Each structure stands twice: as C-alpha cells, then as structure tokens.
file entry-v5.pdb (PDB, C-alpha atoms)
ATOM      1  CA  MET A   1      83.073  98.521  95.800  1.00  0.00           C
ATOM      2  CA  ARG A   2      86.265  97.770  97.727  1.00  0.00           C
ATOM      3  CA  ASN A   3      86.829  94.518  99.594  1.00  0.00           C
ATOM      4  CA  THR A   4      87.064  94.620 103.388  1.00  0.00           C
ATOM      5  CA  PHE A   5      88.833  92.668 106.106  1.00  0.00           C
ATOM      6  CA  ASN A   6      85.443  91.202 107.074  1.00  0.00           C
ATOM      7  CA  ASP A   7      85.157  89.251 103.823  1.00  0.00           C
ATOM      8  CA  PHE A   8      88.804  88.126 103.764  1.00  0.00           C
ATOM      9  CA  ILE A   9      89.130  84.436 104.600  1.00  0.00           C
ATOM     10  CA  VAL A  10      92.255  83.855 106.694  1.00  0.00           C
ATOM     11  CA  ASN A  11      94.374  80.699 106.433  1.00  0.00           C
ATOM     12  CA  ASP A  12      97.997  79.654 106.906  1.00  0.00           C
ATOM     13  CA  SER A  13      98.893  81.015 103.444  1.00  0.00           C
ATOM     14  CA  ASN A  14      97.981  84.588 104.311  1.00  0.00           C
ATOM     15  CA  LYS A  15      97.765  84.836 108.110  1.00  0.00           C
ATOM     16  CA  GLU A  16     100.904  86.944 108.658  1.00  0.00           C
ATOM     17  CA  ALA A  17     100.017  89.335 105.840  1.00  0.00           C
ATOM     18  CA  PHE A  18      96.471  89.686 107.187  1.00  0.00           C
ATOM     19  CA  GLU A  19      97.745  90.434 110.688  1.00  0.00           C
ATOM     20  CA  PHE A  20     100.157  93.139 109.504  1.00  0.00           C
ATOM     21  CA  ALA A  21      97.566  94.687 107.199  1.00  0.00           C
ATOM     22  CA  ASN A  22      95.255  94.993 110.212  1.00  0.00           C
ATOM     23  CA  LYS A  23      97.997  96.498 112.348  1.00  0.00           C
ATOM     24  CA  VAL A  24      98.752  99.091 109.685  1.00  0.00           C
ATOM     25  CA  ALA A  25      95.058  99.897 109.230  1.00  0.00           C
ATOM     26  CA  LYS A  26      94.641 100.372 112.973  1.00  0.00           C
ATOM     27  CA  GLN A  27      98.000 102.190 113.280  1.00  0.00           C
ATOM     28  CA  GLU A  28      99.197  99.640 115.815  1.00  0.00           C
ATOM     29  CA  THR A  29     102.713  99.237 114.380  1.00  0.00           C
ATOM     30  CA  THR A  30     105.576 101.525 113.416  1.00  0.00           C
ATOM     31  CA  GLU A  31     107.788  98.829 111.891  1.00  0.00           C
ATOM     32  CA  ALA A  32     105.690  98.294 108.749  1.00  0.00           C
ATOM     33  CA  ASN A  33     106.346 101.477 106.808  1.00  0.00           C
ATOM     34  CA  PRO A  34     106.556 100.747 104.007  1.00  0.00           C
ATOM     35  CA  LEU A  35     104.507  97.540 103.972  1.00  0.00           C
ATOM     36  CA  LEU A  36     105.213  95.283 101.003  1.00  0.00           C
ATOM     37  CA  ILE A  37     102.792  92.416 100.356  1.00  0.00           C
ATOM     38  CA  SER A  38     104.135  89.994  97.745  1.00  0.00           C
ATOM     39  CA  GLY A  39     102.783  86.830  96.184  1.00  0.00           C
ATOM     40  CA  PRO A  40     101.379  85.351  92.965  1.00  0.00           C
ATOM     41  CA  SER A  41      98.337  86.730  91.196  1.00  0.00           C
ATOM     42  CA  GLY A  42      95.026  85.842  92.798  1.00  0.00           C
ATOM     43  CA  CYS A  43      96.290  85.135  96.310  1.00  0.00           C
ATOM     44  CA  GLY A  44      94.657  88.121  98.042  1.00  0.00           C
ATOM     45  CA  LYS A  45      97.215  90.969  97.933  1.00  0.00           C
ATOM     46  CA  SER A  46      94.831  93.556  96.492  1.00  0.00           C
ATOM     47  CA  HIS A  47      92.114  92.415  98.892  1.00  0.00           C
ATOM     48  CA  LEU A  48      94.398  93.258 101.823  1.00  0.00           C
ATOM     49  CA  LEU A  49      95.190  96.693 100.386  1.00  0.00           C
ATOM     50  CA  ASP A  50      91.441  97.198  99.966  1.00  0.00           C
ATOM     51  CA  GLY A  51      90.954  96.261 103.611  1.00  0.00           C
ATOM     52  CA  ILE A  52      93.497  98.833 104.783  1.00  0.00           C
ATOM     53  CA  TRP A  53      91.955 101.540 102.603  1.00  0.00           C
ATOM     54  CA  HIS A  54      88.414 100.683 103.718  1.00  0.00           C
ATOM     55  CA  HIS A  55      89.366 100.811 107.398  1.00  0.00           C
ATOM     56  CA  TYR A  56      90.907 104.272 106.994  1.00  0.00           C
ATOM     57  CA  VAL A  57      87.815 105.532 105.178  1.00  0.00           C
ATOM     58  CA  CYS A  58      85.335 104.098 107.702  1.00  0.00           C
ATOM     59  CA  ALA A  59      87.302 104.906 110.868  1.00  0.00           C
ATOM     60  CA  ASP A  60      86.244 108.574 110.647  1.00  0.00           C
ATOM     61  CA  ASN A  61      89.486 109.621 112.316  1.00  0.00           C
ATOM     62  CA  GLY A  62      90.410 112.465 110.008  1.00  0.00           C
ATOM     63  CA  LYS A  63      92.935 110.328 108.119  1.00  0.00           C
ATOM     64  CA  HIS A  64      93.063 110.583 104.336  1.00  0.00           C
ATOM     65  CA  PRO A  65      94.015 107.579 102.158  1.00  0.00           C
ATOM     66  CA  GLU A  66      94.484 107.271  98.423  1.00  0.00           C
ATOM     67  CA  TRP A  67      94.599 104.147  96.280  1.00  0.00           C
ATOM     68  CA  ILE A  68      96.524 104.532  93.043  1.00  0.00           C
ATOM     69  CA  SER A  69      97.930 102.084  90.520  1.00  0.00           C
ATOM     70  CA  SER A  70     101.693 101.981  90.021  1.00  0.00           C
ATOM     71  CA  PHE A  71     101.166 102.962  86.380  1.00  0.00           C
ATOM     72  CA  ALA A  72      99.143 106.011  87.402  1.00  0.00           C
ATOM     73  CA  LEU A  73     101.789 107.033  89.939  1.00  0.00           C
ATOM     74  CA  ILE A  74     104.505 106.893  87.265  1.00  0.00           C
ATOM     75  CA  GLU A  75     102.379 108.826  84.777  1.00  0.00           C
ATOM     76  CA  ARG A  76     101.495 111.425  87.379  1.00  0.00           C
ATOM     77  CA  PHE A  77     105.181 111.967  88.063  1.00  0.00           C
ATOM     78  CA  LYS A  78     106.117 112.152  84.384  1.00  0.00           C
ATOM     79  CA  ASN A  79     103.542 114.906  83.967  1.00  0.00           C
ATOM     80  CA  PHE A  80     105.159 116.814  86.813  1.00  0.00           C
ATOM     81  CA  THR A  81     108.508 118.428  86.065  1.00  0.00           C
ATOM     82  CA  GLN A  82     109.807 119.862  89.340  1.00  0.00           C
ATOM     83  CA  GLY A  83     111.586 116.905  90.917  1.00  0.00           C
ATOM     84  CA  LYS A  84     110.886 114.215  93.507  1.00  0.00           C
ATOM     85  CA  CYS A  85     110.539 116.400  96.593  1.00  0.00           C
ATOM     86  CA  GLN A  86     108.183 118.844  94.910  1.00  0.00           C
ATOM     87  CA  PHE A  87     106.208 115.910  93.512  1.00  0.00           C
ATOM     88  CA  ALA A  88     105.776 114.591  97.051  1.00  0.00           C
ATOM     89  CA  ASP A  89     104.039 117.881  97.873  1.00  0.00           C
ATOM     90  CA  LYS A  90     101.117 116.594  95.802  1.00  0.00           C
ATOM     91  CA  PHE A  91     100.439 114.071  98.584  1.00  0.00           C
ATOM     92  CA  ASN A  92     100.727 116.433 101.563  1.00  0.00           C
ATOM     93  CA  GLU A  93      97.042 116.040 102.442  1.00  0.00           C
ATOM     94  CA  LEU A  94      97.314 112.242 102.542  1.00  0.00           C
ATOM     95  CA  ASP A  95      98.159 110.032 105.499  1.00  0.00           C
ATOM     96  CA  LEU A  96      98.127 106.742 103.598  1.00  0.00           C
ATOM     97  CA  LEU A  97      99.120 105.858 100.035  1.00  0.00           C
ATOM     98  CA  LEU A  98      98.446 102.410  98.578  1.00  0.00           C
ATOM     99  CA  PHE A  99      99.436 101.163  95.160  1.00  0.00           C
ATOM    100  CA  ASP A 100      99.301  97.822  93.429  1.00  0.00           C
ATOM    101  CA  ASP A 101     101.495  95.882  90.980  1.00  0.00           C
ATOM    102  CA  ILE A 102     104.681  97.810  91.610  1.00  0.00           C
ATOM    103  CA  ASP A 103     106.682  95.067  89.878  1.00  0.00           C
ATOM    104  CA  LEU A 104     105.000  95.869  86.555  1.00  0.00           C
ATOM    105  CA  VAL A 105     106.661  99.278  86.413  1.00  0.00           C
ATOM    106  CA  ASP A 106     109.913  98.312  88.124  1.00  0.00           C
ATOM    107  CA  ASP A 107     112.489  98.875  85.403  1.00  0.00           C
ATOM    108  CA  LYS A 108     115.882 100.560  85.849  1.00  0.00           C
ATOM    109  CA  CYS A 109     114.524 104.077  85.498  1.00  0.00           C
ATOM    110  CA  ASN A 110     111.189 103.722  87.284  1.00  0.00           C
ATOM    111  CA  GLY A 111     112.566 101.623  90.133  1.00  0.00           C
ATOM    112  CA  GLU A 112     114.936 104.406  91.087  1.00  0.00           C
ATOM    113  CA  LEU A 113     112.186 106.998  90.718  1.00  0.00           C
ATOM    114  CA  LEU A 114     109.703 105.034  92.817  1.00  0.00           C
ATOM    115  CA  SER A 115     112.234 104.389  95.558  1.00  0.00           C
ATOM    116  CA  GLN A 116     113.022 108.091  95.862  1.00  0.00           C
ATOM    117  CA  VAL A 117     109.370 109.115  95.901  1.00  0.00           C
ATOM    118  CA  ILE A 118     108.459 106.446  98.476  1.00  0.00           C
ATOM    119  CA  ASP A 119     111.442 107.394 100.651  1.00  0.00           C
ATOM    120  CA  GLU A 120     110.475 111.066 100.563  1.00  0.00           C
ATOM    121  CA  LEU A 121     106.853 110.292 101.473  1.00  0.00           C
ATOM    122  CA  ILE A 122     107.914 108.095 104.397  1.00  0.00           C
ATOM    123  CA  LYS A 123     110.140 110.908 105.696  1.00  0.00           C
ATOM    124  CA  ARG A 124     107.039 113.090 105.644  1.00  0.00           C
ATOM    125  CA  GLY A 125     105.161 110.615 107.822  1.00  0.00           C
ATOM    126  CA  LYS A 126     103.013 108.995 105.140  1.00  0.00           C
ATOM    127  CA  GLN A 127     102.144 105.303 105.480  1.00  0.00           C
ATOM    128  CA  ILE A 128     102.976 103.404 102.282  1.00  0.00           C
ATOM    129  CA  CYS A 129     101.432 100.018 101.410  1.00  0.00           C
ATOM    130  CA  VAL A 130     102.368  98.222  98.206  1.00  0.00           C
ATOM    131  CA  ALA A 131     101.541  94.919  96.499  1.00  0.00           C
ATOM    132  CA  SER A 132     103.841  93.028  94.158  1.00  0.00           C
ATOM    133  CA  THR A 133     103.840  89.667  92.394  1.00  0.00           C
ATOM    134  CA  LYS A 134     107.634  89.674  92.817  1.00  0.00           C
ATOM    135  CA  SER A 135     109.310  89.036  96.144  1.00  0.00           C
ATOM    136  CA  LEU A 136     111.601  91.628  97.714  1.00  0.00           C
ATOM    137  CA  ASN A 137     114.711  89.932  96.310  1.00  0.00           C
ATOM    138  CA  GLU A 138     113.272  89.998  92.789  1.00  0.00           C
ATOM    139  CA  LEU A 139     112.683  93.755  92.746  1.00  0.00           C
ATOM    140  CA  SER A 140     115.250  96.264  91.539  1.00  0.00           C
ATOM    141  CA  PRO A 141     118.067  97.158  93.977  1.00  0.00           C
ATOM    142  CA  ALA A 142     116.608 100.622  94.499  1.00  0.00           C
ATOM    143  CA  LEU A 143     113.244  99.253  95.615  1.00  0.00           C
ATOM    144  CA  GLN A 144     114.888  96.521  97.676  1.00  0.00           C
ATOM    145  CA  GLY A 145     116.631  99.259  99.601  1.00  0.00           C
ATOM    146  CA  VAL A 146     113.527 101.270 100.416  1.00  0.00           C
ATOM    147  CA  PHE A 147     111.350  98.258 101.283  1.00  0.00           C
ATOM    148  CA  SER A 148     114.012  96.644 103.460  1.00  0.00           C
ATOM    149  CA  ILE A 149     113.497  99.378 106.071  1.00  0.00           C
ATOM    150  CA  GLY A 150     109.858  98.352 106.532  1.00  0.00           C
ATOM    151  CA  LYS A 151     108.005  95.054 106.657  1.00  0.00           C
ATOM    152  CA  CYS A 152     107.770  92.528 103.825  1.00  0.00           C
ATOM    153  CA  VAL A 153     105.128  89.798 104.070  1.00  0.00           C
ATOM    154  CA  THR A 154     104.223  87.111 101.577  1.00  0.00           C
ATOM    155  CA  VAL A 155     101.000  85.384 100.620  1.00  0.00           C
ATOM    156  CA  SER A 156     100.798  82.201  98.601  1.00  0.00           C
ATOM    157  CA  LEU A 157      98.252  80.224  96.645  1.00  0.00           C
ATOM    158  CA  PRO A 158      96.023  78.018  98.787  1.00  0.00           C
ATOM    159  CA  THR A 159      96.560  74.353  99.472  1.00  0.00           C
ATOM    160  CA  LYS A 160      93.725  72.003  98.568  1.00  0.00           C
ATOM    161  CA  ASP A 161      92.546  71.959 102.188  1.00  0.00           C
ATOM    162  CA  GLU A 162      92.546  75.757 102.217  1.00  0.00           C
ATOM    163  CA  GLN A 163      90.639  75.805  98.921  1.00  0.00           C
ATOM    164  CA  ARG A 164      88.003  73.496 100.359  1.00  0.00           C
ATOM    165  CA  ASP A 165      87.712  75.622 103.509  1.00  0.00           C
ATOM    166  CA  PHE A 166      87.429  78.756 101.348  1.00  0.00           C
ATOM    167  CA  TYR A 167      84.569  77.259  99.328  1.00  0.00           C
ATOM    168  CA  LYS A 168      82.803  76.029 102.453  1.00  0.00           C
ATOM    169  CA  GLN A 169      82.941  79.483 103.995  1.00  0.00           C
ATOM    170  CA  LEU A 170      81.665  81.007 100.753  1.00  0.00           C
ATOM    171  CA  SER A 171      78.840  78.453 100.711  1.00  0.00           C
ATOM    172  CA  LYS A 172      77.840  79.377 104.250  1.00  0.00           C
ATOM    173  CA  ARG A 173      78.109  83.107 103.578  1.00  0.00           C
ATOM    174  CA  GLU A 174      76.085  82.978 100.363  1.00  0.00           C
ATOM    175  CA  GLY A 175      73.515  80.466 101.643  1.00  0.00           C
ATOM    176  CA  ILE A 176      74.342  77.830  99.020  1.00  0.00           C
ATOM    177  CA  SER A 177      74.195  74.177 100.031  1.00  0.00           C
ATOM    178  CA  LEU A 178      76.586  71.682  98.415  1.00  0.00           C
ATOM    179  CA  HIS A 179      75.953  68.026  99.166  1.00  0.00           C
ATOM    180  CA  GLY A 180      78.930  66.013 100.400  1.00  0.00           C
ATOM    181  CA  GLU A 181      82.620  66.557  99.633  1.00  0.00           C
ATOM    182  CA  GLU A 182      82.584  65.783  95.906  1.00  0.00           C
ATOM    183  CA  PRO A 183      81.340  69.221  94.796  1.00  0.00           C
ATOM    184  CA  TYR A 184      84.151  70.862  96.743  1.00  0.00           C
ATOM    185  CA  ASP A 185      86.739  68.484  95.276  1.00  0.00           C
ATOM    186  CA  TYR A 186      85.469  69.306  91.795  1.00  0.00           C
ATOM    187  CA  LEU A 187      85.610  73.067  92.434  1.00  0.00           C
ATOM    188  CA  CYS A 188      89.118  72.805  93.877  1.00  0.00           C
ATOM    189  CA  GLU A 189      90.354  71.075  90.734  1.00  0.00           C
ATOM    190  CA  LYS A 190      88.834  73.707  88.433  1.00  0.00           C
ATOM    191  CA  GLN A 191      90.510  76.804  89.916  1.00  0.00           C
ATOM    192  CA  LYS A 192      93.681  77.309  91.926  1.00  0.00           C
ATOM    193  CA  ASP A 193      93.686  80.919  93.115  1.00  0.00           C
ATOM    194  CA  PHE A 194      91.296  82.857  95.324  1.00  0.00           C
ATOM    195  CA  ARG A 195      90.227  85.369  92.684  1.00  0.00           C
ATOM    196  CA  ALA A 196      89.291  82.686  90.172  1.00  0.00           C
ATOM    197  CA  MET A 197      87.640  80.582  92.882  1.00  0.00           C
ATOM    198  CA  LYS A 198      85.454  83.472  93.982  1.00  0.00           C
ATOM    199  CA  ALA A 199      84.501  84.210  90.369  1.00  0.00           C
ATOM    200  CA  GLU A 200      83.572  80.564  89.835  1.00  0.00           C
ATOM    201  CA  PHE A 201      81.375  80.590  92.897  1.00  0.00           C
ATOM    202  CA  VAL A 202      79.649  83.808  91.783  1.00  0.00           C
ATOM    203  CA  ARG A 203      78.973  82.134  88.441  1.00  0.00           C
ATOM    204  CA  LEU A 204      77.497  79.105  90.187  1.00  0.00           C
ATOM    205  CA  LYS A 205      75.224  81.256  92.333  1.00  0.00           C
ATOM    206  CA  TYR A 206      74.093  83.251  89.303  1.00  0.00           C
ATOM    207  CA  ARG A 207      73.138  80.088  87.418  1.00  0.00           C
ATOM    208  CA  MET A 208      71.208  78.817  90.439  1.00  0.00           C
ATOM    209  CA  ILE A 209      69.299  82.096  90.715  1.00  0.00           C
ATOM    210  CA  CYS A 210      68.468  82.010  87.002  1.00  0.00           C
ATOM    211  CA  GLU A 211      66.889  78.586  87.442  1.00  0.00           C
ATOM    212  CA  ASN A 212      65.241  79.403  90.787  1.00  0.00           C
ATOM    213  CA  CYS A 213      67.340  76.799  92.577  1.00  0.00           C
ATOM    214  CA  GLU A 214      68.842  78.956  95.336  1.00  0.00           C
ATOM    215  CA  THR A 215      67.528  76.646  98.064  1.00  0.00           C
ATOM    216  CA  ALA A 216      68.584  73.385  96.434  1.00  0.00           C
ATOM    217  CA  SER A 217      71.340  71.197  97.861  1.00  0.00           C
ATOM    218  CA  LEU A 218      73.614  70.546  94.898  1.00  0.00           C
ATOM    219  CA  GLY A 219      75.557  67.370  94.289  1.00  0.00           C
ATOM    220  CA  VAL A 220      78.647  67.257  92.108  1.00  0.00           C
ATOM    221  CA  GLY A 221      76.599  66.433  88.983  1.00  0.00           C
ATOM    222  CA  ALA A 222      74.463  69.548  89.321  1.00  0.00           C
ATOM    223  CA  VAL A 223      77.526  71.734  89.995  1.00  0.00           C
ATOM    224  CA  LYS A 224      79.199  70.394  86.844  1.00  0.00           C
ATOM    225  CA  ARG A 225      76.058  71.021  84.828  1.00  0.00           C
ATOM    226  CA  TYR A 226      75.842  74.616  85.982  1.00  0.00           C
ATOM    227  CA  LEU A 227      79.529  75.410  85.395  1.00  0.00           C
ATOM    228  CA  GLU A 228      80.266  73.411  82.234  1.00  0.00           C
ATOM    229  CA  ASN A 229      77.195  74.100  80.120  1.00  0.00           C
TER     230      ASN A 229
END

call {"tool": "encode", "arguments": {"input": "entry-v5.pdb", "output": "structure tokens"}}
result
Amino acid sequence: MRNTFNDFIVNDSNKEAFEFANKVAKQETTEANPLLISGPSGCGKSHLLDGIWHHYVCADNGKHPEWISSFALIERFKNFTQGKCQFADKFNELDLLLFDDIDLVDDKCNGELLSQVIDELIKRGKQICVASTKSLNELSPALQGVFSIGKCVTVSLPTKDEQRDFYKQLSKREGISLHGEEPYDYLCEKQKDFRAMKAEFVRLKYRMICENCETASLGVGAVKRYLEN
C-alpha cells in the first residue's frame, strides 16, 4: 500500500518539498517539470512520490500515472532497440511518471540515456517526478542539465525536536500513550531517520499488542524493555 500526503508529517526539514509535491499532484504549477526531490535515505523522498502517485490515482480525473524504479526504466530501455524517441512512445498513455533512486543508475552511459528519455517525455507533456540521494550538483552533467529546467527541492534528516514531534504525532495517531519526555528522548537516540523511526514505532506497537498492553501509558523503562529484549 502506497503512502499518502495525509500520513506525511511536515516539518522545517521537508516543508518546501511537501508543498511542491502537492502542487504537482494537484497540477497547480508549471515550473516543476521535472521535479527532483533529493536528500539522504530515510528522509521522506519516496513518501512524497507515493503521495503524488496516490493523488493522481484517487483524483479520478482521467490522468494515468506510473511508478517505476530507475533500474526498471534502464532495463526496459535496454530491452527496446529502436531509440529514445520510439522508446518514449511506450509512455504515450501516461500523464505522470515517477521513479526513485535515479542516482543509483547515474553512470556515464545511463545518465546520458536517462536525460534524453526524460527530456523527450517532458516535450510530450508528461510530468516527471524523481527522487535521488544525491543533490543536483552531484548528478552527472547530463542529468544536471535536464533537471535544471524544472524544480529541485531538498529534504534532510530531522533535528531532535523534529524527531520528538514526529514520535508524538505517531503516538497520537496510533493511540499509544508514552509517559513524560524520557521515552521520546530514548527513541530519538535510537534512530535518526524517518523510515527507521517509523519501523521502531511499529515494532513497539506490535510488542504492546502481543502483551495486551495497548492501553498502557509507557514510561522509558517499559519502552526499553519492549525494544531491547
């Protein structure tokens, strides 16, 4: 199941990226094609792509999105032998194309290939949204060129205050009560990125359910016991 904008927790580290992802999803901007979302692993890039995709699917506006990994895009092209423009024909029915981890396939050969394919799709009116752990300046020159015509936004790992706020919102959403600030301080020290933090919280909730303690208010000692044993 894809993530949505509704379960994305906004803070100073991701506010601009969240706003542009929403604008693209609602087709309220023409300056963000392509949209490049960059930042370290676990900071919410894929979640934002999920949100865009989900909005297109649920809007029931006749628009057709596709989510594809960068690896799959490269492999699909390598299995097609008629050139970049003809390859772009494969996406004629789509209005939106999203793909993740473009930096992982950005070598000299693939970077040039990807830039040409993306450029051709944009010329055909397709919205392109991409995530990368590398910033624009760290990508190959070919990809820098194609992404520089759109919008590049960055997301970063959360500060400790943002971590604490993230956990508190998760606690409220999941109906789990943590007593005082110490449990949150402990959780913030254990994990540093949103993906790992969410996984840790899921693990905590699972352990509470297994012991029929969903309604308990946990202090730091109980949280440690659940997560360290």

call {"tool": "residues_around", "arguments": {"input": "entry-v5.pdb", "residues": "range 49-60 of chain A", "least_positions_apart": "4", "cutoff": "9 Å", "atoms": "all atoms listed in the file", "output": "PDB file with C-alpha atoms, in the coordinates of the input"}}
result
ATOM      1  CA  ARG A   2      86.265  97.770  97.727  1.00  0.00           C
ATOM      2  CA  ASN A   3      86.829  94.518  99.594  1.00  0.00           C
ATOM      3  CA  THR A   4      87.064  94.620 103.388  1.00  0.00           C
ATOM      4  CA  PHE A   5      88.833  92.668 106.106  1.00  0.00           C
ATOM      5  CA  ASN A   6      85.443  91.202 107.074  1.00  0.00           C
ATOM      6  CA  PHE A   8      88.804  88.126 103.764  1.00  0.00           C
ATOM      7  CA  ALA A  21      97.566  94.687 107.199  1.00  0.00           C
ATOM      8  CA  ASN A  22      95.255  94.993 110.212  1.00  0.00           C
ATOM      9  CA  VAL A  24      98.752  99.091 109.685  1.00  0.00           C
ATOM     10  CA  ALA A  25      95.058  99.897 109.230  1.00  0.00           C
ATOM     11  CA  LYS A  26      94.641 100.372 112.973  1.00  0.00           C
ATOM     12  CA  ILE A  37     102.792  92.416 100.356  1.00  0.00           C
ATOM     13  CA  GLY A  44      94.657  88.121  98.042  1.00  0.00           C
ATOM     14  CA  LYS A  45      97.215  90.969  97.933  1.00  0.00           C
ATOM     15  CA  HIS A  64      93.063 110.583 104.336  1.00  0.00           C
ATOM     16  CA  PRO A  65      94.015 107.579 102.158  1.00  0.00           C
ATOM     17  CA  GLU A  66      94.484 107.271  98.423  1.00  0.00           C
ATOM     18  CA  TRP A  67      94.599 104.147  96.280  1.00  0.00           C
ATOM     19  CA  LEU A  96      98.127 106.742 103.598  1.00  0.00           C
ATOM     20  CA  LEU A  97      99.120 105.858 100.035  1.00  0.00           C
ATOM     21  CA  LEU A  98      98.446 102.410  98.578  1.00  0.00           C
ATOM     22  CA  PHE A  99      99.436 101.163  95.160  1.00  0.00           C
ATOM     23  CA  ASP A 100      99.301  97.822  93.429  1.00  0.00           C
ATOM     24  CA  CYS A 129     101.432 100.018 101.410  1.00  0.00           C
ATOM     25  CA  VAL A 130     102.368  98.222  98.206  1.00  0.00           C
ATOM     26  CA  ALA A 131     101.541  94.919  96.499  1.00  0.00           C
TER      27      ALA A 131
END

call {"tool": "closest_residue", "arguments": {"input": "entry-v5.pdb", "among": "A:Ile9, A:Glu189, A:Glu200, A:Pro34", "to": "Lys123 in chain A", "atoms": "only C-alpha atoms"}}
result
A:Pro34

call {"tool": "resolve_selection", "arguments": {"input": "entry-v5.pdb", "expression": "the PyMOL selection byres ((chain A and resi 155-157) around 12)", "output": "number ranges by chain"}}
result
A: 10-21, 36-48, 131-135, 152-154, 158-163, 166, 191-197

call {"tool": "closest_residue", "arguments": {"input": "entry-v5.pdb", "among": "A:Lys63, A:Leu94, A:Asn33, A:Gly83", "to": "Asp119 in chain A", "atoms": "all atoms listed in the file"}}
result
A:Asn33

call {"tool": "resolve_selection", "arguments": {"input": "entry-v5.pdb", "expression": "the PyMOL selection byres ((chain A and resi 136-144) around 8)", "output": "list of chain:residue names"}}
result
A:Ser38, A:Asp103, A:Asp106, A:Asp107, A:Lys108, A:Gly111, A:Glu112, A:Leu114, A:Ser115, A:Lys134, A:Ser135, A:Gly145, A:Val146, A:Phe147, A:Ser148, A:Cys152

call {"tool": "atom_distance", "arguments": {"input": "entry-v5.pdb", "atom1": "CA of Leu170 in chain A", "atom2": "CA of Lys23 in chain A"}}
result
25.3 Å

call {"tool": "resolve_selection", "arguments": {"input": "entry-v5.pdb", "expression": "the PyMOL selection byres ((chain A and resi 204) around 12)", "output": "ChimeraX atom specification"}}
result
/A:167,170-171,174,176-178,183,187,197-203,205-211,213-214,218,222-229

call {"tool": "closest_residue", "arguments": {"input": "entry-v5.pdb", "among": "A:Gly180, A:Arg164, A:Tyr186, A:Phe71", "to": "Ile102 in chain A", "atoms": "only C-alpha atoms"}}
result
A:Phe71

call {"tool": "atom_distance", "arguments": {"input": "entry-v5.pdb", "atom1": "CA of Phe87 in chain A", "atom2": "CA of Arg124 in chain A"}}
result
12.5 Å

call {"tool": "residues_around", "arguments": {"input": "entry-v5.pdb", "residues": "Leu113 in chain A", "least_positions_apart": "4", "cutoff": "8 Å", "atoms": "only C-alpha atoms", "output": "ChimeraX atom specification"}}
result
/A:84,109,117

call {"tool": "atom_distance", "arguments": {"input": "entry-v5.pdb", "atom1": "CA of Asn110 in chain A", "atom2": "CA of Ile74 in chain A"}}
result
7.4 Å

call {"tool": "closest_residue", "arguments": {"input": "entry-v5.pdb", "among": "A:Asp185, A:Glu120, A:Asp95, A:Asp165", "to": "Gly62 in chain A", "atoms": "all atoms listed in the file"}}
result
A:Asp95

call {"tool": "residues_around", "arguments": {"input": "entry-v5.pdb", "residues": "Lys90 in chain A", "least_positions_apart": "6", "cutoff": "10 Å", "atoms": "only C-alpha atoms", "output": "PyMOL selection string"}}
result
chain A and resi 76-77+80

call {"tool": "decode", "arguments": {"input": "entry-v5.pdb", "residues": "range 34-78 of chain A", "atoms": "C-alpha atoms", "output": "mmCIF file, in the first residue's frame"}}
result
data_model
loop_
_atom_site.group_PDB
_atom_site.id
_atom_site.type_symbol
_atom_site.label_atom_id
_atom_site.label_comp_id
_atom_site.auth_asym_id
_atom_site.auth_seq_id
_atom_site.Cartn_x
_atom_site.Cartn_y
_atom_site.Cartn_z
ATOM 1 C CA PRO A 34 10.761 17.735 -13.909
ATOM 2 C CA LEU A 35 10.562 17.703 -10.108
ATOM 3 C CA LEU A 36 13.699 16.414 -8.403
ATOM 4 C CA ILE A 37 13.476 15.596 -4.691
ATOM 5 C CA SER A 38 16.910 14.969 -3.173
ATOM 6 C CA GLY A 39 18.100 14.057 0.294
ATOM 7 C CA PRO A 40 19.605 11.248 2.385
ATOM 8 C CA SER A 41 17.998 7.848 2.766
ATOM 9 C CA GLY A 42 15.047 7.741 5.130
ATOM 10 C CA CYS A 43 14.101 11.417 4.994
ATOM 11 C CA GLY A 44 10.775 11.012 3.162
ATOM 12 C CA LYS A 45 11.554 11.302 -0.576
ATOM 13 C CA SER A 46 9.754 8.108 -1.581
ATOM 14 C CA HIS A 47 6.838 9.019 0.680
ATOM 15 C CA LEU A 48 6.368 12.249 -1.288
ATOM 16 C CA LEU A 49 6.476 10.392 -4.610
ATOM 17 C CA ASP A 50 3.897 7.995 -3.165
ATOM 18 C CA GLY A 51 1.727 10.967 -2.234
ATOM 19 C CA ILE A 52 1.833 12.361 -5.769
ATOM 20 C CA TRP A 53 1.023 8.964 -7.272
ATOM 21 C CA HIS A 54 -1.811 8.339 -4.803
ATOM 22 C CA HIS A 55 -3.396 11.724 -5.514
ATOM 23 C CA TYR A 56 -3.388 11.064 -9.266
ATOM 24 C CA VAL A 57 -4.957 7.640 -8.755
ATOM 25 C CA CYS A 58 -7.668 8.865 -6.363
ATOM 26 C CA ALA A 59 -8.490 12.133 -8.150
ATOM 27 C CA ASP A 60 -10.500 10.237 -10.793
ATOM 28 C CA ASN A 61 -9.618 12.876 -13.373
ATOM 29 C CA GLY A 62 -8.669 10.581 -16.219
ATOM 30 C CA LYS A 63 -4.945 11.037 -15.561
ATOM 31 C CA HIS A 64 -2.685 7.994 -15.717
ATOM 32 C CA PRO A 65 0.436 7.703 -13.515
ATOM 33 C CA GLU A 66 3.122 5.053 -13.356
ATOM 34 C CA TRP A 67 5.679 4.404 -10.634
ATOM 35 C CA ILE A 68 8.828 2.666 -11.816
ATOM 36 C CA SER A 69 12.263 2.150 -10.310
ATOM 37 C CA SER A 70 15.249 3.689 -12.079
ATOM 38 C CA PHE A 71 16.687 0.194 -12.543
ATOM 39 C CA ALA A 72 13.487 -0.996 -14.211
ATOM 40 C CA LEU A 73 13.439 2.043 -16.502
ATOM 41 C CA ILE A 74 17.007 1.324 -17.643
ATOM 42 C CA GLU A 75 16.265 -2.366 -18.173
ATOM 43 C CA ARG A 76 13.092 -1.571 -20.073
ATOM 44 C CA PHE A 77 15.070 0.668 -22.402
ATOM 45 C CA LYS A 78 17.863 -1.860 -22.903
#
